[in-house]
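Heads up, model34.tsv below (TSV, C-alpha atoms):
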chain	number	residue	atom	x	y	z
A	11	MET	CA	22.43	-19.40	170.29
A	12	GLN	CA	20.47	-22.55	170.95
A	13	LYS	CA	21.68	-26.01	169.95
A	14	LYS	CA	19.14	-28.77	169.32
A	15	ASP	CA	19.84	-32.49	168.92
A	16	TYR	CA	17.53	-35.19	167.55
A	17	ILE	CA	17.87	-38.91	166.83
A	18	PHE	CA	15.65	-40.87	164.40
A	19	PRO	CA	15.63	-44.33	162.82
A	20	ALA	CA	17.77	-44.28	159.67
A	21	ALA	CA	16.05	-44.70	156.30
A	22	TYR	CA	19.43	-45.36	154.68
A	23	HIS	CA	22.44	-47.26	155.93
A	24	GLN	CA	25.85	-46.15	154.75
A	25	GLN	CA	28.13	-48.88	153.50
A	26	GLN	CA	31.48	-49.39	155.13
A	27	GLY	CA	34.11	-47.30	153.41
A	28	GLU	CA	31.67	-44.73	152.02
A	29	ALA	CA	32.48	-41.07	152.63
A	30	PRO	CA	30.29	-39.64	155.42
A	31	ILE	CA	27.04	-38.11	154.19
A	32	LEU	CA	25.96	-34.81	155.71
A	33	PHE	CA	22.65	-33.18	154.84
A	34	LEU	CA	22.84	-29.40	155.14
A	35	ASP	CA	20.06	-26.83	155.15
A	36	ILE	CA	20.06	-23.20	156.26
A	37	GLU	CA	17.31	-20.65	156.95
A	38	THR	CA	17.85	-16.94	156.34
A	39	THR	CA	15.84	-13.74	156.42
A	40	GLY	CA	16.06	-13.40	152.63
A	41	PHE	CA	17.97	-14.28	149.48
A	42	GLN	CA	20.36	-11.32	149.39
A	43	ARG	CA	23.57	-12.35	151.20
A	44	ASN	CA	24.65	-8.81	152.06
A	45	THR	CA	21.38	-7.55	153.59
A	46	THR	CA	20.06	-10.60	155.47
A	47	ILE	CA	21.04	-12.72	158.44
A	48	LEU	CA	21.43	-16.43	158.98
A	49	TYR	CA	19.05	-17.63	161.66
A	50	LEU	CA	19.24	-21.44	161.48
A	51	ILE	CA	21.72	-24.09	160.38
A	52	GLY	CA	20.68	-27.74	160.30
A	53	CYS	CA	22.82	-30.83	159.71
A	54	GLY	CA	21.69	-34.42	159.35
A	55	PHE	CA	24.15	-37.33	159.51
A	56	TYR	CA	24.46	-41.04	160.25
A	57	GLU	CA	26.02	-42.45	163.37
A	58	ASN	CA	25.77	-45.95	164.88
A	59	GLY	CA	23.01	-46.90	162.45
A	60	LEU	CA	20.81	-43.93	163.38
A	61	PHE	CA	19.97	-40.61	161.74
A	62	HIS	CA	21.10	-37.64	163.83
A	63	VAL	CA	20.15	-34.00	163.38
A	64	ILE	CA	21.86	-30.96	164.90
A	65	GLN	CA	20.41	-27.47	164.66
A	66	TRP	CA	22.09	-24.20	165.60
A	67	PHE	CA	19.43	-21.54	166.12
A	68	ASN	CA	20.14	-17.82	166.12
A	69	ASP	CA	17.58	-17.08	168.81
A	70	ASP	CA	18.82	-13.56	169.50
A	71	ALA	CA	19.67	-12.36	165.95
A	72	VAL	CA	23.33	-11.79	166.94
A	73	SER	CA	24.69	-15.35	167.09
A	74	GLU	CA	25.83	-15.76	163.49
A	75	THR	CA	29.53	-15.98	164.35
A	76	GLU	CA	28.93	-18.65	166.98
A	77	MET	CA	26.75	-20.66	164.57
A	78	LEU	CA	29.29	-20.46	161.75
A	79	LEU	CA	32.14	-21.53	164.00
A	80	SER	CA	30.08	-24.46	165.28
A	81	LEU	CA	29.40	-25.61	161.71
A	82	GLN	CA	33.07	-25.20	160.79
A	83	SER	CA	34.22	-27.39	163.70
A	84	PHE	CA	31.58	-29.96	162.89
A	85	LEU	CA	32.55	-30.21	159.22
A	86	GLU	CA	36.28	-30.34	159.94
A	87	ALA	CA	35.70	-33.25	162.31
A	88	LYS	CA	33.71	-35.25	159.73
A	89	SER	CA	35.07	-34.25	156.26
A	90	PRO	CA	31.79	-35.29	154.68
A	91	ILE	CA	30.11	-35.11	151.30
A	92	ILE	CA	27.56	-32.32	151.69
A	93	PHE	CA	24.08	-33.13	150.41
A	94	SER	CA	21.72	-30.19	149.95
A	95	TYR	CA	18.71	-29.03	147.99
A	96	ASN	CA	19.73	-26.12	145.76
A	97	GLY	CA	22.72	-25.72	148.06
A	98	ASP	CA	25.24	-25.22	145.29
A	99	SER	CA	23.37	-22.11	144.21
A	100	PHE	CA	22.21	-20.76	147.57
A	101	ASP	CA	23.25	-22.41	150.86
A	102	LEU	CA	26.97	-22.86	150.21
A	103	PRO	CA	27.61	-19.45	148.57
A	104	TYR	CA	25.57	-17.78	151.34
A	105	LEU	CA	27.60	-19.50	154.05
A	106	ASN	CA	30.90	-18.65	152.37
A	107	TYR	CA	29.90	-14.99	152.10
A	108	HIS	CA	29.02	-14.85	155.79
A	109	TYR	CA	32.21	-16.63	156.81
A	110	SER	CA	34.04	-13.86	154.98
A	111	LEU	CA	31.75	-11.23	156.48
A	112	HIS	CA	32.73	-12.38	159.98
A	113	ASP	CA	36.45	-12.70	159.08
A	114	ILE	CA	36.41	-16.48	159.53
A	115	PRO	CA	38.98	-18.09	157.17
A	116	PHE	CA	36.91	-21.05	156.05
A	117	ASP	CA	35.78	-22.22	152.61
A	118	ILE	CA	32.87	-24.65	152.77
A	119	THR	CA	33.12	-25.42	149.05
A	120	LYS	CA	36.30	-27.41	149.68
A	121	TYR	CA	34.04	-30.33	150.56
A	122	ASN	CA	32.50	-32.45	147.84
A	123	SER	CA	28.83	-31.66	147.39
A	124	PHE	CA	25.74	-33.22	145.89
A	125	ASP	CA	22.84	-30.94	145.01
A	126	PHE	CA	19.51	-32.76	144.77
A	127	TYR	CA	17.99	-29.90	142.80
A	128	LYS	CA	20.61	-30.04	140.06
A	129	ALA	CA	20.62	-33.84	139.95
A	130	LEU	CA	16.84	-34.16	139.75
A	131	GLN	CA	16.06	-31.20	137.52
A	132	PRO	CA	16.38	-33.21	134.28
A	133	PHE	CA	13.72	-35.63	135.54
A	134	GLN	CA	11.22	-33.03	136.73
A	135	SER	CA	9.40	-32.84	133.38
A	136	LEU	CA	10.10	-36.46	132.52
A	137	LEU	CA	8.22	-37.59	135.64
A	138	GLY	CA	5.41	-35.07	135.30
A	139	LEU	CA	6.26	-32.69	138.14
A	140	PRO	CA	5.12	-29.12	137.37
A	141	GLN	CA	7.60	-27.64	139.83
A	142	GLY	CA	10.95	-28.73	141.19
A	143	ARG	CA	10.65	-27.95	144.89
A	144	GLN	CA	11.86	-30.41	147.49
A	145	LYS	CA	8.28	-30.81	148.75
A	146	ASP	CA	7.17	-31.75	145.22
A	147	TRP	CA	9.67	-34.61	145.12
A	148	GLU	CA	8.62	-35.73	148.58
A	149	GLY	CA	5.01	-35.74	147.37
A	150	PHE	CA	6.07	-37.75	144.31
A	151	LEU	CA	7.30	-40.41	146.71
A	152	GLY	CA	4.06	-40.24	148.69
A	153	LEU	CA	5.55	-38.52	151.74
A	154	GLU	CA	3.67	-36.05	153.92
A	155	ARG	CA	4.88	-33.27	156.21
A	156	GLU	CA	3.67	-31.77	159.44
A	157	ASP	CA	5.32	-28.50	158.37
A	158	ILE	CA	2.96	-26.34	156.29
A	159	TYR	CA	5.24	-23.37	155.57
A	160	GLU	CA	7.47	-22.34	152.69
A	161	GLY	CA	10.86	-20.94	153.67
A	162	GLY	CA	9.97	-17.40	152.63
A	163	GLU	CA	6.85	-17.43	154.78
A	164	LEU	CA	8.94	-18.13	157.88
A	165	ILE	CA	10.87	-14.86	157.67
A	166	ALA	CA	7.93	-13.02	159.23
A	167	VAL	CA	7.58	-15.84	161.79
A	168	TYR	CA	11.24	-15.42	162.81
A	169	LYS	CA	10.88	-11.66	163.16
A	170	GLN	CA	7.80	-12.17	165.32
A	171	TYR	CA	9.68	-14.76	167.39
A	172	LEU	CA	12.46	-12.24	168.14
A	173	LYS	CA	9.85	-9.93	169.63
A	174	ASN	CA	8.09	-12.34	171.98
A	175	LYS	CA	10.18	-15.60	172.03
A	176	ASP	CA	6.97	-17.61	171.65
A	177	ASP	CA	7.65	-21.37	171.90
A	178	SER	CA	5.08	-22.20	169.22
A	179	LEU	CA	6.83	-19.90	166.75
A	180	GLU	CA	10.18	-21.46	167.59
A	181	HIS	CA	8.64	-24.88	166.96
A	182	CYS	CA	7.50	-23.78	163.47
A	183	LEU	CA	10.96	-22.45	162.60
A	184	LEU	CA	12.82	-25.54	163.78
A	185	LEU	CA	10.27	-27.98	162.34
A	186	HIS	CA	10.58	-26.61	158.81
A	187	ASN	CA	14.35	-27.02	158.84
A	188	LEU	CA	14.13	-30.43	160.51
A	189	GLU	CA	11.70	-31.74	157.91
A	190	ASP	CA	13.86	-30.36	155.11
A	191	LEU	CA	16.75	-32.46	156.47
A	192	ARG	CA	14.68	-35.58	157.02
A	193	GLY	CA	13.07	-35.06	153.63
A	194	MET	CA	16.45	-35.01	151.93
A	195	GLU	CA	17.20	-38.39	153.44
A	196	THR	CA	14.02	-39.77	151.90
A	197	LEU	CA	15.08	-38.36	148.51
A	198	LEU	CA	18.21	-40.51	148.38
A	199	PRO	CA	16.50	-43.27	146.33
A	200	LEU	CA	15.76	-40.64	143.66
A	201	CYS	CA	19.49	-40.39	143.03
A	202	SER	CA	19.15	-43.72	141.25
A	203	TYR	CA	17.55	-41.88	138.30
A	204	HIS	CA	20.87	-40.14	137.79
A	205	GLN	CA	22.45	-43.44	136.69
A	206	LEU	CA	20.44	-43.12	133.47
A	207	LEU	CA	22.66	-40.18	132.57
A	208	GLN	CA	25.90	-41.85	133.62
A	209	ALA	CA	25.89	-45.14	131.68
A	210	ASP	CA	25.58	-46.92	135.03
A	211	PHE	CA	23.90	-50.02	133.62
A	212	SER	CA	24.79	-53.21	131.81
A	213	PHE	CA	23.60	-54.32	128.39
A	214	GLY	CA	21.55	-57.50	128.16
A	215	GLU	CA	20.02	-58.14	124.74
A	216	MET	CA	18.36	-56.36	121.84
A	217	GLY	CA	15.32	-56.90	119.66
A	218	TYR	CA	14.07	-55.47	116.39
A	219	ASN	CA	10.66	-53.86	116.04
A	220	SER	CA	8.35	-53.03	113.20
A	221	CYS	CA	5.05	-51.83	114.59
A	222	GLU	CA	2.54	-49.02	114.13
A	223	SER	CA	3.03	-47.74	117.69
A	224	PHE	CA	6.53	-46.53	116.85
A	225	PRO	CA	6.72	-43.42	114.64
A	226	MET	CA	9.29	-45.07	112.37
A	227	SER	CA	8.76	-48.46	110.79
A	228	ASP	CA	12.13	-49.92	111.77
A	229	SER	CA	13.56	-49.64	115.26
A	230	VAL	CA	15.67	-51.58	117.69
A	231	THR	CA	15.19	-51.94	121.44
A	232	PHE	CA	18.10	-52.46	123.80
A	233	PHE	CA	17.28	-54.19	127.08
A	234	CYS	CA	19.58	-53.34	129.97
A	235	THR	CA	19.93	-53.89	133.71
A	236	LEU	CA	20.31	-50.95	136.06
A	237	ASN	CA	22.81	-51.17	138.89
A	238	LYS	CA	20.44	-49.38	141.28
A	239	LYS	CA	16.70	-49.81	141.64
A	240	ILE	CA	14.66	-46.75	140.73
A	241	PRO	CA	11.72	-45.95	143.06
A	242	LYS	CA	9.06	-45.23	140.39
A	243	LYS	CA	8.90	-46.12	136.73
A	244	LEU	CA	9.86	-43.63	134.04
A	245	THR	CA	8.13	-44.01	130.67
A	246	LEU	CA	8.67	-41.96	127.54
A	247	ASP	CA	6.31	-43.32	124.90
A	248	PRO	CA	7.55	-43.31	121.30
A	249	PHE	CA	7.65	-39.75	119.96
A	250	LEU	CA	9.26	-37.88	117.10
A	251	PHE	CA	11.89	-35.24	117.76
A	252	GLU	CA	13.89	-32.70	115.88
A	253	GLU	CA	16.72	-34.31	113.96
A	254	ASN	CA	15.47	-35.82	110.71
A	255	SER	CA	12.21	-36.93	112.33
A	256	MET	CA	14.05	-39.47	114.44
A	257	ALA	CA	12.13	-41.15	117.22
A	258	GLY	CA	12.96	-42.30	120.71
A	259	ALA	CA	11.36	-44.19	123.58
A	260	VAL	CA	12.55	-45.06	127.10
A	261	TYR	CA	11.15	-47.34	129.78
A	262	ALA	CA	12.79	-47.75	133.19
A	263	HIS	CA	11.34	-49.64	136.17
A	264	ASP	CA	12.97	-51.30	139.17
A	265	TYR	CA	16.24	-52.64	137.71
A	266	GLN	CA	15.01	-52.78	134.11
A	267	LEU	CA	15.81	-50.34	131.32
A	268	SER	CA	14.74	-50.52	127.70
A	269	LEU	CA	15.71	-47.98	125.08
A	270	THR	CA	14.18	-47.86	121.62
A	271	MET	CA	15.67	-45.97	118.69
A	272	PRO	CA	15.52	-45.91	114.88
A	273	ILE	CA	17.67	-48.29	112.91
A	274	TYR	CA	18.60	-47.83	109.26
A	275	ASP	CA	19.07	-50.74	106.86
A	276	THR	CA	20.89	-48.89	104.13
A	277	THR	CA	24.23	-47.92	102.61
A	278	PHE	CA	26.26	-45.12	104.18
A	279	LYS	CA	29.66	-43.65	103.38
A	280	TYR	CA	32.90	-43.48	105.32
A	281	PHE	CA	34.77	-40.29	104.39
A	282	TYR	CA	38.57	-40.33	104.49
A	283	SER	CA	40.03	-37.23	106.11
A	284	ASP	CA	43.27	-37.18	104.10
A	285	TYR	CA	41.51	-36.82	100.74
A	286	LYS	CA	44.64	-35.42	99.06
A	287	ASN	CA	46.15	-38.89	99.20
A	288	TYR	CA	43.22	-40.47	97.31
A	289	TYR	CA	41.76	-40.76	93.84
A	290	TYR	CA	38.03	-40.85	93.17
A	291	LEU	CA	36.86	-43.50	90.69
A	292	PRO	CA	33.56	-42.22	89.20
A	293	GLU	CA	32.56	-45.51	87.59
A	294	GLU	CA	32.94	-47.40	90.87
A	295	ASP	CA	31.73	-44.44	92.96
A	296	MET	CA	34.49	-44.89	95.50
A	297	ALA	CA	37.86	-43.52	96.54
A	298	VAL	CA	41.11	-45.46	96.58
A	299	HIS	CA	44.51	-44.57	97.96
A	300	LYS	CA	46.95	-43.18	95.43
A	301	SER	CA	49.26	-46.13	96.03
A	302	ILE	CA	46.56	-48.26	94.37
A	303	GLY	CA	44.84	-45.66	92.19
A	304	CYS	CA	48.07	-44.93	90.34
A	305	TYR	CA	47.52	-48.19	88.44
A	306	VAL	CA	44.08	-47.05	87.23
A	307	ASP	CA	43.94	-45.36	83.81
A	308	ALA	CA	44.04	-41.59	84.25
A	309	SER	CA	40.81	-41.21	82.26
A	310	HIS	CA	38.97	-43.29	84.86
A	311	ARG	CA	40.19	-41.46	87.94
A	312	LYS	CA	40.41	-37.93	89.31
A	313	LYS	CA	41.77	-36.24	92.37
A	314	ALA	CA	39.52	-36.82	95.34
A	315	SER	CA	37.78	-33.97	97.15
A	316	PRO	CA	36.37	-33.94	100.69
A	317	SER	CA	32.87	-34.70	99.36
A	318	ASN	CA	33.76	-37.75	97.24
A	319	CYS	CA	36.62	-39.31	99.19
A	320	TYR	CA	34.64	-42.21	100.62
A	321	GLN	CA	33.98	-45.92	100.74
A	322	LYS	CA	30.41	-47.20	100.89
A	323	LYS	CA	29.20	-49.90	103.25
A	324	GLU	CA	25.83	-51.59	103.41
A	325	GLY	CA	24.49	-52.60	106.81
A	326	LEU	CA	22.40	-51.68	109.84
A	327	TYR	CA	23.14	-48.26	111.32
A	328	LEU	CA	22.33	-46.30	114.46
A	329	PRO	CA	22.37	-42.48	114.58
A	330	LEU	CA	25.00	-40.49	116.45
A	331	LEU	CA	23.54	-37.08	117.29
A	332	PRO	CA	25.60	-33.90	117.89
A	333	ASP	CA	26.50	-32.92	121.46
A	334	LYS	CA	23.97	-30.75	123.29
A	335	SER	CA	23.16	-29.41	126.76
A	336	TYR	CA	19.72	-28.63	128.17
A	337	ARG	CA	18.13	-28.46	131.63
A	338	ASN	CA	21.21	-29.87	133.38
A	339	ILE	CA	21.51	-32.71	130.85
A	340	HIS	CA	24.88	-32.68	129.15
A	341	THR	CA	26.13	-34.94	126.38
A	342	GLU	CA	29.82	-35.17	127.00
A	343	THR	CA	32.44	-35.32	124.29
A	344	LYS	CA	32.04	-38.67	122.60
A	345	LYS	CA	35.47	-40.07	123.36
A	346	TYR	CA	34.25	-43.57	122.56
A	347	CYS	CA	33.91	-42.52	118.91
A	348	SER	CA	37.67	-42.76	118.50
A	349	PHE	CA	37.19	-46.56	118.65
A	350	LEU	CA	34.44	-46.60	116.02
A	351	THR	CA	34.12	-45.97	112.29
A	352	LEU	CA	31.62	-43.18	111.67
A	353	TYR	CA	29.52	-43.03	108.52
A	354	LYS	CA	27.45	-40.33	106.85
A	355	GLN	CA	25.00	-39.99	104.02
A	356	ASN	CA	26.68	-36.85	102.69
A	357	TYR	CA	29.92	-35.13	103.60
A	358	LYS	CA	28.37	-32.00	105.16
A	359	ASP	CA	25.74	-33.83	107.20
A	360	LYS	CA	25.82	-33.03	110.93
A	361	ILE	CA	24.57	-36.46	111.91
A	362	SER	CA	26.86	-39.47	111.74
A	363	TYR	CA	25.95	-43.13	111.99
A	364	ILE	CA	27.48	-46.17	113.66
A	365	ASN	CA	27.46	-49.62	112.15
A	366	LEU	CA	25.48	-51.83	114.52
A	367	GLU	CA	27.60	-54.90	113.88
A	368	GLN	CA	30.77	-53.07	114.85
A	369	LEU	CA	29.17	-51.50	117.91
A	370	TYR	CA	27.53	-54.70	119.14
A	371	LYS	CA	30.02	-57.41	118.30
A	372	GLU	CA	33.35	-55.64	118.64
A	373	ASN	CA	32.73	-52.90	121.19
A	374	GLN	CA	30.18	-54.02	123.77
A	375	THR	CA	32.10	-52.07	126.41
A	376	ILE	CA	31.28	-48.94	124.40
A	377	LEU	CA	27.61	-49.81	123.93
A	378	PRO	CA	26.41	-48.50	127.35
A	379	LEU	CA	28.19	-45.19	126.63
A	380	TYR	CA	26.41	-44.89	123.30
A	381	LEU	CA	23.05	-45.84	124.82
A	382	SER	CA	23.46	-43.32	127.63
A	383	ASP	CA	24.31	-40.63	125.10
A	384	TRP	CA	21.24	-41.45	123.01
A	385	MET	CA	19.07	-41.48	126.14
A	386	LYS	CA	20.26	-37.98	127.07
A	387	GLN	CA	19.35	-36.76	123.60
A	388	THR	CA	15.93	-38.39	123.93
A	389	PHE	CA	15.34	-36.79	127.33
A	390	MET	CA	16.28	-33.34	126.02
A	391	ALA	CA	14.03	-33.71	122.99
A	392	TYR	CA	11.14	-34.96	125.11
A	393	ILE	CA	11.42	-32.05	127.54
A	394	ARG	CA	11.49	-29.56	124.67
A	395	THR	CA	8.43	-31.03	122.96
A	396	HIS	CA	6.31	-31.87	126.02
A	397	ALA	CA	7.21	-29.41	128.79
A	398	SER	CA	5.31	-26.14	128.96
Would it be possible to restate this file's structure as structure tokens?
Amino acid sequence: MQKKDYIFPAAYHQQQGEAPILFLDIETTGFQRNTTILYLIGCGFYENGLFHVIQWFNDDAVSETEMLLSLQSFLEAKSPIIFSYNGDSFDLPYLNYHYSLHDIPFDITKYNSFDFYKALQPFQSLLGLPQGRQKDWEGFLGLEREDIYEGGELIAVYKQYLKNKDDSLEHCLLLHNLEDLRGMETLLPLCSYHQLLQADFSFGEMGYNSCESFPMSDSVTFFCTLNKKIPKKLTLDPFLFEENSMAGAVYAHDYQLSLTMPIYDTTFKYFYSDYKNYYYLPEEDMAVHKSIGCYVDASHRKKASPSNCYQKKEGLYLPLLPDKSYRNIHTETKKYCSFLTLYKQNYKDKISYINLEQLYKENQTILPLYLSDWMKQTFMAYIRTHAS
């Protein structure tokens, strides 16, 4: 086994108190864990304000055990967060399998991990990238590589290297892994896009719109401030999507975020869940609790049912769409709804609505959660309608 060490200027400086970051990338002779070998492990990390890289190279095709033990000792000394590109699906399971294969009692998944591929996948179509390879994201940021190979192409290079130990072939093998590690460091600013899916922003102000450029005549735009600067702007022009021809638009640049959505100036209904305790008054078109309805003449009241046990309220409303998941975008259970009154047009409707006055004036701490949820729905709809 060969061990290589490199030191570079750091593109990112860890803040005091942050968990150590470790970039991990492996090279293998194929994707099948049980029929291939591990020929290179690379780790990138920060130390004394510099970016360090260590590579363990299986230069004789029989050094897997030594490599794995070296990585184990290194990780146990640092207890880092492991950053990788598609590592949750490939690198980490592959390493765990080979630790088991060599009877080494070590589980690499005990460390927290961050997978760039999973984190960035939702934004691949949104930012116009046809593929989601690490090199594509590096190109999106305007970065260039000396390395010209794909990982699969290097399998034949490694096999040729084992035959003649040519230094130029070794350079190609190590360079690819090295640039994967250095490339991951340059991708760190892209993590700021992830805040759009995590309500990691603060609400500033809102404005009403009525213009031909928006597919619906009435809309509202929320202007927010992001906590982290995003490296390149993200724009989703106004477009219609599935649910009731609703429309959405998103603009994010630097620290600015604006989110446009339909607003409804109408009357909706709040449906009581315990309808058996209510009377419906047909002439007033409303339900009242039996403690009050008992004083109404029996000819002017009837037992309430789920579909007519409601109170009506006029106002401005925003839609609350059902939970969905798509392309690594997940709308989580809307816990914030327990603090809000939800309205519908009809009892069996799947879409509920939130009164803007209640959301804005009484629950501004909930507003970013609602906006993040709507943005996820907009992203999913945009990907469905625009991605090939």
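A straight line drawn from atom CA of A:Lys88 to atom CA of A:Ala20 is 18.3 Å long.
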Near stretch 114-129 of chain A, counting all atoms listed in the file, which residues have an atom at most 6 Å away, once you skip same-chain residues fewer than 5 positions from it, shown as a short mmCIF file (atom, residue, chain, number, x, y, z; two decimals) with C-alpha atoms, in the coordinates of the input?
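Resulting contents of selection-v4.cif:
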data_model
loop_
_atom_site.label_atom_id
_atom_site.label_comp_id
_atom_site.auth_asym_id
_atom_site.auth_seq_id
_atom_site.Cartn_x
_atom_site.Cartn_y
_atom_site.Cartn_z
CA ILE A 91 30.11 -35.11 151.30
CA ILE A 92 27.56 -32.32 151.69
CA PHE A 93 24.08 -33.13 150.41
CA SER A 94 21.72 -30.19 149.95
CA TYR A 95 18.71 -29.03 147.99
CA ASN A 96 19.73 -26.12 145.76
CA TYR A 109 32.21 -16.63 156.81
#
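In this comparison, which uses all atoms listed in the file, the residue of A:Arg311, A:Lys322, A:Lys386, A:Lys300 approaching A:Lys334 most closely is A:Lys386.
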Sorted by chain and rising residue number, list the residues of stretch 216-318 of chain A at most 9 Å from stretch 137-153 of chain A (counting only C-alpha atoms), each with its closest atom pair and distance in Å to one decimal, as a tab-separated table.
residue	atom	partner	partner_atom	distance
A:Pro241	CA	A:Leu151	CA	8.0
A:Lys242	CA	A:Leu151	CA	8.1
A:Lys243	CA	A:Leu137	CA	8.6
A:Leu244	CA	A:Leu137	CA	6.5
A:Thr245	CA	A:Leu137	CA	8.1
Take the selection from the previous step and output its residues with C-alpha atoms, as an mmCIF file, in the frame of the given file.
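The new file out13.cif reads:
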data_model
loop_
_atom_site.group_PDB
_atom_site.id
_atom_site.type_symbol
_atom_site.label_atom_id
_atom_site.label_comp_id
_atom_site.auth_asym_id
_atom_site.auth_seq_id
_atom_site.Cartn_x
_atom_site.Cartn_y
_atom_site.Cartn_z
ATOM 1 C CA PRO A 241 11.720 -45.950 143.060
ATOM 2 C CA LYS A 242 9.060 -45.230 140.390
ATOM 3 C CA LYS A 243 8.900 -46.120 136.730
ATOM 4 C CA LEU A 244 9.860 -43.630 134.040
ATOM 5 C CA THR A 245 8.130 -44.010 130.670
#
Exercise. Between A:Ala87, A:Ala257, A:Leu330, A:Ile36, single out the one closest to A:Leu184, counting all atoms listed in the file.
Key: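 Going through A:Ala87, A:Ala257, A:Leu330, A:Ile36 one by one, the smallest distance to A:Leu184 is for A:Ile36.
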